[in-house]
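> First the structure, then my questions, so here it is.
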Amino acid sequence: MGLKRNVSLSTALRYRGEGPMLTFILHRIGGLGMVIFVTVHILASFLGGDGGVIANTIYENWLFQIFIFFCALFHAINGLRITILDLWPKLIEFQREAIWVEWAVFLPVYSLAVFVIVRNALGG
Amino acid sequence: MSDTKSRNLPLSKRGLNFEMLMWIFTRLTALAMYALILTGIIGALIMGARTQMNMADVLRWGFMPNATHVQSTNVLDLAPWSTPFWKGLGSLLLLVAASHGVHGLVVVLDDYLVKPRQRQLVRILSIVFLAAMSIIGIYVIWTS
């Protein structure tokens, strides 16, 4: 408790951490996206009314579906990598390779889902 | 390539405090959510096998096995899917996911809020938020 920030915000923004840094940022964006989505979704189904209708219209939009599926799938696959590397610490030496495997799993699955979502959005 | 060395300290030298427990809790709840969501997806595949349920409905049931999530689909009979088993599975998934998510929120906020008072406030608000969302969520699951 009571730690000090030891780099300024501009230094932090100029930090280039490459692959691992990118997964770290996307993991946060995905986690925050899901927390906000689930909170609004539970409140909307509890309260109902006009707010619920507006919330449902947003969820059913295909752009939102592409965003929230990115959040869920990336957070799930990246979280599995973190869990495996943390529970078997000897594997941490291969974390960059693990990130490549992670993208190799994520991209085909996510592309397939985006294809299905866009095809449905175009009325297929 | 990388010269990262793994650290293999024995548990007795690592210490077992609240942060350590929450660290392992985050990993174990991640695995638990994999098990719960895969159970939900298998259920949805059985439910929608005869009516060719689409991907969005399968995933919606997988992420939360609540009957209102498949109301607008042409499933032949929803009664076997509104049982205490599925409501219990949904409640368990809600509690696990909410605690995992709220703890994640605290970890993220700790990176930006560094004063002890701010961190204490974040912890109090997160407990209130977690309790409120768990109660509301379980109410919605068991009454819908």
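We label chains A, B, ... in the order they appear in the structure tokens, count residues from 1 in each chain, and number ligands from 1 in the order shown.
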Could the residues of chain A within 10 Å of chain B, counting only C-alpha atoms, be given as an MDAnalysis selection string, please?

chainID A and resid 1:5 28 31:32 34:36 38:39 41:43 45:47 65 69 72 75:76 79:80 82:84 86:97 113 116:117

> Could you write out the selected residues, including C-alpha atoms, as a PDB file, in the first residue's frame?


```pdb
ATOM      1  CA  MET A   1       0.000   0.000   0.000  1.00  0.00           C
ATOM      2  CA  GLY A   2       1.076   3.555  -0.641  1.00  0.00           C
ATOM      3  CA  LEU A   3       3.390   2.796  -3.547  1.00  0.00           C
ATOM      4  CA  LYS A   4       4.562   5.627  -5.777  1.00  0.00           C
ATOM      5  CA  ARG A   5       4.287   5.710  -9.531  1.00  0.00           C
ATOM      6  CA  ARG A  28      -7.308  -5.483 -19.812  1.00  0.00           C
ATOM      7  CA  GLY A  31     -11.755  -7.799 -19.115  1.00  0.00           C
ATOM      8  CA  LEU A  32     -13.082  -4.260 -18.656  1.00  0.00           C
ATOM      9  CA  MET A  34     -16.906  -7.775 -20.240  1.00  0.00           C
ATOM     10  CA  VAL A  35     -17.327  -6.274 -16.734  1.00  0.00           C
ATOM     11  CA  ILE A  36     -19.171  -3.266 -18.192  1.00  0.00           C
ATOM     12  CA  VAL A  38     -22.273  -7.969 -17.888  1.00  0.00           C
ATOM     13  CA  THR A  39     -23.120  -5.209 -15.378  1.00  0.00           C
ATOM     14  CA  HIS A  41     -26.872  -6.559 -19.092  1.00  0.00           C
ATOM     15  CA  ILE A  42     -27.833  -7.773 -15.572  1.00  0.00           C
ATOM     16  CA  LEU A  43     -29.179  -4.334 -14.598  1.00  0.00           C
ATOM     17  CA  SER A  45     -32.797  -7.447 -17.406  1.00  0.00           C
ATOM     18  CA  PHE A  46     -33.534  -6.614 -13.745  1.00  0.00           C
ATOM     19  CA  LEU A  47     -34.946  -3.121 -14.330  1.00  0.00           C
ATOM     20  CA  GLN A  65     -21.211  -8.527 -31.176  1.00  0.00           C
ATOM     21  CA  PHE A  69     -16.780 -11.626 -28.832  1.00  0.00           C
ATOM     22  CA  ALA A  72     -14.519 -12.788 -24.442  1.00  0.00           C
ATOM     23  CA  HIS A  75      -9.539 -12.844 -22.599  1.00  0.00           C
ATOM     24  CA  ALA A  76     -10.322 -16.581 -22.448  1.00  0.00           C
ATOM     25  CA  GLY A  79      -6.108 -16.174 -19.665  1.00  0.00           C
ATOM     26  CA  LEU A  80      -5.539 -19.852 -20.397  1.00  0.00           C
ATOM     27  CA  ILE A  82      -1.349 -17.090 -18.262  1.00  0.00           C
ATOM     28  CA  THR A  83      -2.882 -19.876 -16.164  1.00  0.00           C
ATOM     29  CA  ILE A  84      -0.793 -22.612 -17.791  1.00  0.00           C
ATOM     30  CA  ASP A  86       1.801 -19.621 -13.977  1.00  0.00           C
ATOM     31  CA  LEU A  87       0.841 -23.072 -12.745  1.00  0.00           C
ATOM     32  CA  TRP A  88       3.876 -24.667 -14.490  1.00  0.00           C
ATOM     33  CA  PRO A  89       6.518 -21.918 -13.914  1.00  0.00           C
ATOM     34  CA  LYS A  90       9.220 -23.755 -15.875  1.00  0.00           C
ATOM     35  CA  LEU A  91       7.282 -22.983 -19.067  1.00  0.00           C
ATOM     36  CA  ILE A  92       7.691 -19.199 -18.557  1.00  0.00           C
ATOM     37  CA  GLU A  93      10.927 -19.419 -20.590  1.00  0.00           C
ATOM     38  CA  PHE A  94       8.767 -20.107 -23.642  1.00  0.00           C
ATOM     39  CA  GLN A  95       6.297 -17.271 -23.100  1.00  0.00           C
ATOM     40  CA  ARG A  96       6.982 -15.575 -26.436  1.00  0.00           C
ATOM     41  CA  GLU A  97       6.450 -18.854 -28.263  1.00  0.00           C
ATOM     42  CA  ALA A 113     -17.045 -16.025 -35.773  1.00  0.00           C
ATOM     43  CA  VAL A 116     -20.709 -15.755 -39.353  1.00  0.00           C
ATOM     44  CA  ILE A 117     -21.708 -12.492 -37.623  1.00  0.00           C
TER      45      ILE A 117
END
```

> Residues within 12 Å of B:Phe85, please, as a list in words. Count only C-alpha atoms; anything in the same chain fewer than 4 positions from it doesn't count.

Thr39, Gly40, Gly43, Pro65, Asn66, Pro80, Trp81, Leu89, Gly90, Ser91, Leu92, Ile141 and Trp142 of chain B

> Check the DSSP output for the backbone and give back, as a PyMOL selection string, the residues of chain B in helix (DSSP H, G or I).

chain B and resi 11-14+18-47+55-63+67-70+79-81+84-112+116-143

> Produce a file of the selected residues containing C-alpha atoms, as a JSON list (two decimals), in the first residue's frame.


```
[["chain", "number", "residue", "atom", "x", "y", "z"],
["B", 11, "LEU", "CA", 5.90, -22.43, -0.83],
["B", 12, "SER", "CA", 7.27, -21.82, 2.69],
["B", 13, "LYS", "CA", 9.54, -19.02, 1.37],
["B", 14, "ARG", "CA", 6.87, -17.45, -0.82],
["B", 18, "PHE", "CA", -4.37, -12.48, 0.80],
["B", 19, "GLU", "CA", -2.82, -11.26, -2.47],
["B", 20, "MET", "CA", -1.26, -14.69, -3.05],
["B", 21, "LEU", "CA", -4.60, -16.36, -2.38],
["B", 22, "MET", "CA", -6.37, -14.01, -4.83],
["B", 23, "TRP", "CA", -3.64, -14.65, -7.41],
["B", 24, "ILE", "CA", -4.29, -18.41, -7.30],
["B", 25, "PHE", "CA", -8.07, -17.76, -7.06],
["B", 26, "THR", "CA", -7.95, -15.85, -10.38],
["B", 27, "ARG", "CA", -6.22, -18.80, -12.11],
["B", 28, "LEU", "CA", -8.49, -21.46, -10.62],
["B", 29, "THR", "CA", -11.70, -19.53, -11.40],
["B", 30, "ALA", "CA", -10.45, -19.16, -15.00],
["B", 31, "LEU", "CA", -10.26, -22.97, -15.25],
["B", 32, "ALA", "CA", -13.63, -23.29, -13.50],
["B", 33, "MET", "CA", -15.24, -20.94, -16.04],
["B", 34, "TYR", "CA", -13.81, -23.03, -18.87],
["B", 35, "ALA", "CA", -15.51, -26.11, -17.35],
["B", 36, "LEU", "CA", -18.83, -24.32, -16.71],
["B", 37, "ILE", "CA", -19.02, -22.66, -20.15],
["B", 38, "LEU", "CA", -18.09, -25.89, -21.97],
["B", 39, "THR", "CA", -20.86, -27.66, -20.01],
["B", 40, "GLY", "CA", -23.25, -24.93, -21.16],
["B", 41, "ILE", "CA", -22.14, -25.23, -24.80],
["B", 42, "ILE", "CA", -22.60, -29.04, -24.70],
["B", 43, "GLY", "CA", -26.09, -28.46, -23.26],
["B", 44, "ALA", "CA", -26.91, -25.98, -26.04],
["B", 45, "LEU", "CA", -25.70, -28.42, -28.72],
["B", 46, "ILE", "CA", -28.04, -31.09, -27.29],
["B", 47, "MET", "CA", -30.89, -28.57, -26.97],
["B", 55, "MET", "CA", -23.91, -20.07, -33.25],
["B", 56, "ALA", "CA", -25.10, -16.94, -31.43],
["B", 57, "ASP", "CA", -27.78, -18.89, -29.52],
["B", 58, "VAL", "CA", -25.36, -21.71, -28.64],
["B", 59, "LEU", "CA", -22.85, -19.18, -27.29],
["B", 60, "ARG", "CA", -25.50, -17.17, -25.47],
["B", 61, "TRP", "CA", -26.58, -20.35, -23.63],
["B", 62, "GLY", "CA", -22.95, -21.31, -23.04],
["B", 63, "PHE", "CA", -22.07, -18.00, -21.39],
["B", 67, "ALA", "CA", -34.06, -19.89, -20.37],
["B", 68, "THR", "CA", -34.68, -16.27, -21.45],
["B", 69, "HIS", "CA", -31.50, -16.50, -23.53],
["B", 70, "VAL", "CA", -33.12, -19.00, -25.93],
["B", 79, "ALA", "CA", -39.18, -26.89, -19.68],
["B", 80, "PRO", "CA", -36.27, -29.40, -19.44],
["B", 81, "TRP", "CA", -33.88, -26.46, -19.72],
["B", 84, "PRO", "CA", -32.64, -26.27, -10.91],
["B", 85, "PHE", "CA", -29.57, -27.92, -12.52],
["B", 86, "TRP", "CA", -29.28, -25.24, -15.21],
["B", 87, "LYS", "CA", -30.28, -22.43, -12.83],
["B", 88, "GLY", "CA", -27.69, -23.71, -10.35],
["B", 89, "LEU", "CA", -25.04, -23.89, -13.08],
["B", 90, "GLY", "CA", -25.91, -20.34, -14.14],
["B", 91, "SER", "CA", -25.75, -19.09, -10.55],
["B", 92, "LEU", "CA", -22.38, -20.76, -10.01],
["B", 93, "LEU", "CA", -21.04, -19.24, -13.24],
["B", 94, "LEU", "CA", -22.37, -15.82, -12.20],
["B", 95, "LEU", "CA", -20.72, -15.95, -8.76],
["B", 96, "VAL", "CA", -17.39, -17.23, -10.12],
["B", 97, "ALA", "CA", -17.34, -14.74, -13.02],
["B", 98, "ALA", "CA", -18.42, -11.77, -10.87],
["B", 99, "SER", "CA", -15.76, -12.37, -8.22],
["B", 100, "HIS", "CA", -13.08, -12.96, -10.90],
["B", 101, "GLY", "CA", -14.17, -9.79, -12.73],
["B", 102, "VAL", "CA", -14.44, -7.52, -9.68],
["B", 103, "HIS", "CA", -11.04, -8.68, -8.42],
["B", 104, "GLY", "CA", -9.65, -7.93, -11.88],
["B", 105, "LEU", "CA", -11.16, -4.45, -11.67],
["B", 106, "VAL", "CA", -9.39, -3.88, -8.32],
["B", 107, "VAL", "CA", -6.07, -5.04, -9.82],
["B", 108, "VAL", "CA", -6.46, -2.64, -12.77],
["B", 109, "LEU", "CA", -7.45, 0.30, -10.55],
["B", 110, "ASP", "CA", -4.47, -0.37, -8.25],
["B", 111, "ASP", "CA", -2.23, 0.44, -11.22],
["B", 112, "TYR", "CA", -3.68, 3.93, -11.47],
["B", 116, "PRO", "CA", -3.77, 4.22, 0.51],
["B", 117, "ARG", "CA", -7.09, 6.08, 0.97],
["B", 118, "GLN", "CA", -7.99, 5.65, -2.71],
["B", 119, "ARG", "CA", -7.14, 1.96, -2.63],
["B", 120, "GLN", "CA", -9.20, 1.46, 0.52],
["B", 121, "LEU", "CA", -12.16, 3.20, -1.14],
["B", 122, "VAL", "CA", -11.77, 0.99, -4.24],
["B", 123, "ARG", "CA", -11.86, -2.12, -2.01],
["B", 124, "ILE", "CA", -14.97, -1.01, -0.10],
["B", 125, "LEU", "CA", -16.81, -0.04, -3.31],
["B", 126, "SER", "CA", -15.78, -3.31, -5.01],
["B", 127, "ILE", "CA", -17.21, -5.40, -2.15],
["B", 128, "VAL", "CA", -20.50, -3.45, -2.27],
["B", 129, "PHE", "CA", -20.59, -3.75, -6.07],
["B", 130, "LEU", "CA", -19.86, -7.51, -5.99],
["B", 131, "ALA", "CA", -22.53, -8.18, -3.35],
["B", 132, "ALA", "CA", -25.16, -6.08, -5.15],
["B", 133, "MET", "CA", -24.52, -7.60, -8.61],
["B", 134, "SER", "CA", -24.46, -11.17, -7.23],
["B", 135, "ILE", "CA", -27.81, -10.71, -5.46],
["B", 136, "ILE", "CA", -29.46, -8.99, -8.45],
["B", 137, "GLY", "CA", -28.06, -11.57, -10.89],
["B", 138, "ILE", "CA", -29.20, -14.58, -8.85],
["B", 139, "TYR", "CA", -32.63, -12.95, -8.42],
["B", 140, "VAL", "CA", -32.90, -12.54, -12.22],
["B", 141, "ILE", "CA", -31.79, -16.16, -12.88],
["B", 142, "TRP", "CA", -34.26, -17.74, -10.44],
["B", 143, "THR", "CA", -37.29, -15.55, -11.25]]
```

> Interatomic distance between atom CA of A:Gly33 and atom CA of A:Ala12?

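Distance between the two atoms: 22.3 Å.
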
> One number please: atom CA of B:Gln71 to atom CA of B:Met53, in Å, one decimal.

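That distance, rounded to one decimal, is 12.0 Å.
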
> Please, what distance in Å, to one decimal, runs between atom CA of A:Ile99 and atom CA of A:Phe115?

23.7 Å

> Near stretch 48-52 of chain B, counting only C-alpha atoms, which residues have an atom at most 8 Å away, once you skip same-chain residues fewer than 6 positions from it, shown as number ranges by chain?

B: 58, 74-76
